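Asker: Next up, upload.cif (mmCIF, C-alpha atoms).
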```cif
data_upload
loop_
_atom_site.label_atom_id
_atom_site.label_comp_id
_atom_site.auth_asym_id
_atom_site.auth_seq_id
_atom_site.Cartn_x
_atom_site.Cartn_y
_atom_site.Cartn_z
CA MET A 1 0.00 0.00 0.00
CA ASN A 2 1.37 3.41 -0.89
CA ASP A 3 1.13 6.74 0.98
CA ALA A 4 -2.26 7.52 -0.53
CA GLY A 5 -3.73 4.35 0.99
CA THR A 6 -4.38 2.64 -2.34
CA THR A 7 -3.17 -0.63 -3.74
CA ALA A 8 -1.44 1.00 -6.70
CA PRO A 9 2.31 0.48 -6.79
CA ALA A 10 4.28 3.28 -5.17
CA GLY A 11 5.89 5.72 -7.57
CA THR A 12 3.59 4.96 -10.50
CA GLY A 13 1.49 7.76 -11.84
CA THR A 14 -0.91 5.45 -13.63
CA GLY A 15 -2.91 2.44 -12.58
CA ARG A 16 -4.25 4.11 -9.47
CA ARG A 17 -7.23 2.20 -8.15
CA ILE A 18 -9.90 3.15 -5.69
CA ALA A 19 -9.37 1.15 -2.52
CA PHE A 20 -11.87 0.46 0.25
CA ASN A 21 -11.95 -0.97 3.73
CA HIS A 22 -14.12 -4.09 3.30
CA ASP A 23 -14.96 -4.47 6.99
CA LEU A 24 -16.07 -0.86 7.30
CA LEU A 25 -18.22 -1.02 4.14
CA SER A 26 -19.78 -4.33 5.17
CA GLY A 27 -20.51 -2.99 8.66
CA LEU A 28 -22.17 0.11 7.27
CA ALA A 29 -24.25 -2.00 4.88
CA LEU A 30 -25.43 -4.21 7.77
CA ILE A 31 -26.33 -1.16 9.85
CA ILE A 32 -28.36 0.29 6.96
CA LEU A 33 -30.11 -3.01 6.17
CA GLY A 34 -30.89 -3.71 9.82
CA SER A 35 -32.25 -0.20 10.30
CA PHE A 36 -34.36 -0.52 7.15
CA ALA A 37 -35.71 -3.90 8.25
CA TYR A 38 -36.59 -2.59 11.72
CA THR A 39 -38.18 0.63 10.49
CA TRP A 40 -40.16 -0.66 7.51
CA GLY A 41 -40.25 -4.39 8.20
CA PRO A 42 -43.35 -6.41 9.11
CA GLY A 43 -42.84 -5.87 12.85
CA TRP A 44 -42.70 -2.08 12.73
CA GLY A 45 -44.81 -0.57 15.47
CA GLU A 46 -45.91 -3.92 16.82
CA ARG A 47 -44.13 -5.35 19.84
CA THR A 48 -45.66 -8.80 19.26
CA TRP A 49 -43.26 -9.39 16.37
CA VAL A 50 -40.26 -10.31 18.49
CA PHE A 51 -38.36 -12.35 15.91
CA PRO A 52 -38.12 -9.75 13.08
CA ASN A 53 -37.17 -7.03 15.55
CA MET A 54 -34.55 -9.28 17.13
CA VAL A 55 -33.00 -10.05 13.72
CA SER A 56 -32.97 -6.33 12.83
CA TRP A 57 -31.19 -5.41 16.05
CA LEU A 58 -28.75 -8.30 15.59
CA MET A 59 -27.89 -6.99 12.11
CA VAL A 60 -27.32 -3.48 13.46
CA GLY A 61 -25.19 -4.79 16.34
CA LEU A 62 -23.05 -6.96 14.08
CA GLY A 63 -22.75 -4.05 11.63
CA ILE A 64 -21.47 -1.77 14.38
CA LEU A 65 -18.98 -4.43 15.49
CA LEU A 66 -17.74 -4.96 11.94
CA ALA A 67 -17.45 -1.20 11.34
CA VAL A 68 -15.41 -0.78 14.53
CA ILE A 69 -13.12 -3.63 13.43
CA GLY A 70 -12.77 -1.95 10.03
CA LEU A 71 -11.85 1.36 11.61
CA ALA A 72 -9.28 -0.31 13.85
CA ARG A 73 -7.56 -2.18 10.99
CA ARG A 74 -7.31 0.74 8.60
CA THR A 75 -6.39 -1.58 5.74
CA ARG A 76 -7.65 -0.94 2.26
CA GLU A 77 -8.05 -3.29 -0.65
CA LYS A 78 -9.60 -3.32 -4.07
CA LEU A 79 -13.36 -3.60 -3.76
CA PHE A 80 -13.74 -5.91 -6.76
CA GLU A 81 -11.20 -8.06 -8.55
CA SER A 82 -12.95 -7.64 -11.90
CA TRP A 83 -15.94 -6.02 -13.52
CA ARG A 84 -17.68 -9.43 -13.43
CA ALA A 85 -17.47 -9.46 -9.62
CA ALA A 86 -19.01 -5.97 -9.53
CA VAL A 87 -21.85 -7.14 -11.80
CA ASP A 88 -22.45 -10.19 -9.57
CA VAL A 89 -22.64 -8.05 -6.43
CA SER A 90 -24.94 -5.56 -8.16
CA TRP A 91 -27.19 -8.38 -9.40
CA PHE A 92 -27.32 -9.90 -5.92
CA SER A 93 -28.17 -6.52 -4.34
CA ALA A 94 -30.94 -5.87 -6.87
CA SER A 95 -32.40 -9.34 -6.37
CA VAL A 96 -32.40 -8.95 -2.57
CA LEU A 97 -34.30 -5.68 -2.96
CA ALA A 98 -36.76 -7.34 -5.35
CA PHE A 99 -37.15 -10.23 -2.89
CA PHE A 100 -38.11 -7.85 -0.07
CA LEU A 101 -40.51 -5.92 -2.30
CA LEU A 102 -42.17 -9.07 -3.67
CA ILE A 103 -42.73 -10.92 -0.38
CA PRO A 104 -45.96 -9.07 0.51
CA GLN A 105 -47.31 -9.53 -3.03
CA ILE A 106 -46.49 -13.15 -3.88
CA GLY A 107 -45.76 -14.59 -0.44
CA TYR A 108 -42.68 -15.90 1.32
CA PHE A 109 -42.60 -19.35 -0.28
CA VAL A 110 -42.80 -18.18 -3.90
CA ALA A 111 -40.48 -15.19 -3.36
CA THR A 112 -37.88 -17.36 -1.60
CA TRP A 113 -38.10 -20.06 -4.24
CA LEU A 114 -37.62 -17.54 -7.06
CA PHE A 115 -34.76 -15.84 -5.22
CA MET A 116 -32.92 -19.13 -4.67
CA VAL A 117 -33.40 -20.28 -8.26
CA VAL A 118 -32.14 -16.98 -9.68
CA GLN A 119 -29.15 -16.76 -7.32
CA ALA A 120 -28.09 -20.37 -7.84
CA SER A 121 -28.40 -20.04 -11.61
CA VAL A 122 -26.61 -16.71 -11.94
CA LEU A 123 -23.89 -16.99 -9.31
CA GLY A 124 -23.41 -20.72 -9.63
CA GLY A 125 -22.98 -20.55 -13.38
CA ARG A 126 -24.92 -23.76 -13.94
CA ARG A 127 -26.20 -23.96 -17.50
CA HIS A 128 -26.78 -27.69 -17.88
CA PRO A 129 -30.52 -28.58 -18.05
CA ALA A 130 -30.17 -31.26 -15.37
CA ALA A 131 -28.47 -28.79 -13.03
CA VAL A 132 -31.22 -26.23 -13.60
CA GLY A 133 -33.85 -28.87 -12.82
CA LEU A 134 -32.02 -29.84 -9.65
CA ILE A 135 -31.76 -26.18 -8.63
CA ILE A 136 -35.51 -25.72 -9.11
CA VAL A 137 -36.37 -28.80 -7.01
CA VAL A 138 -33.84 -28.13 -4.21
CA ALA A 139 -34.84 -24.45 -3.99
CA GLY A 140 -38.50 -25.44 -3.72
CA LEU A 141 -37.79 -27.97 -0.98
CA LEU A 142 -35.63 -25.51 0.98
CA ALA A 143 -38.22 -22.72 0.69
CA LEU A 144 -41.00 -25.07 1.78
CA GLY A 145 -38.89 -26.41 4.65
CA MET A 146 -38.08 -22.92 5.93
CA TYR A 147 -41.72 -21.88 5.60
CA GLN A 148 -42.83 -24.87 7.66
CA LEU A 149 -40.01 -24.46 10.20
CA PHE A 150 -40.84 -20.83 10.94
CA GLY A 151 -44.59 -21.49 11.05
CA GLY A 152 -44.45 -24.69 13.09
CA ALA A 153 -41.39 -24.50 15.31
CA PHE A 154 -41.02 -20.74 15.83
CA ASN A 155 -44.71 -19.80 15.51
CA VAL A 156 -43.70 -17.01 13.10
CA HIS A 157 -46.25 -16.87 10.31
CA LEU A 158 -44.61 -15.70 7.11
CA PRO A 159 -46.53 -13.73 4.48
CA GLU A 160 -48.70 -15.83 2.20
CA GLY A 161 -49.10 -13.16 -0.46
CA ARG A 162 -52.08 -11.14 -1.57
CA TRP A 163 -52.85 -13.21 -4.63
CA ILE A 164 -53.22 -16.52 -2.77
#
```
As structure tokens, how would this structure be written, given the file I've shared?

Answerer:
Amino acid sequence: MNDAGTTAPAGTGTGRRIAFNHDLLSGLALIILGSFAYTWGPGWGERTWVFPNMVSWLMVGLGILLAVIGLARRTREKLFESWRAAVDVSWFSASVLAFFLLIPQIGYFVATWLFMVVQASVLGGRRHPAAVGLIIVVAGLLALGMYQLFGGAFNVHLPEGRWI
């Protein structure tokens, strides 16, 4: 790392890259997501929704811890190794946002199933028809299992969707 805090070789006038502290950025992202989930999530204003509020506060707490660790380390690295990694992270972020926006409309099971199928297909790079079929079946079983686990074991009833 040079005097400017970047990963560019010292003494070179070209090739300067923007460098970031991964722990600090991840911590800030967790704080923002946890705050968003607490403020606009399904448990907002209702104290009976203990589980969503607990998860929101856990995200904020872990985000603060990670941000403090990032500030203490003061190391900086390249944010992405390639443009493809940046596209993957952007795609993942957009699909998480779509997942949260679609849950009230189409329900937890369908939204989770679609999210898992899309993520496994895009990030896993599986293009073989048998692999896609396996992804569809496994994602459906996992989404159904989580839906039943939260409803039965935790007594947390997940959204069923407005169209059902």

Asker: Which one of A:Val96, A:Ile69, A:Tyr38, A:Gly124 sits closest to Leu24 in chain A if you count only C-alpha atoms?

Answerer: A:Ile69

Asker: Taking only residues of range 70-142 of chain A that have an atom at most 10 Å from an atom of range 151-158 of chain A, what is each one's shortest atom pair and its distance in Å to one decimal, using only C-alpha atoms, in chain and number order, as CSV?

Answerer:
```
residue,atom,partner,partner_atom,distance
A:Ile103,CA,A:Leu158,CA,9.1
A:Pro104,CA,A:Leu158,CA,9.5
A:Gly107,CA,A:Leu158,CA,7.7
A:Tyr108,CA,A:Leu158,CA,6.1
A:Phe109,CA,A:Leu158,CA,8.5
```

Asker: Please write as a PyMOL selection string the full residue list that the PyMOL selection byres ((chain A and resi 23) around 12) yields on this file.

Answerer: chain A and resi 20-22+24-30+62-77+79

Asker: Between CA of Ile32 in chain A and CA of Leu149 in chain A, what is the spacing in Å?

Answerer: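 Between these atoms lies a distance of 27.5 Å.
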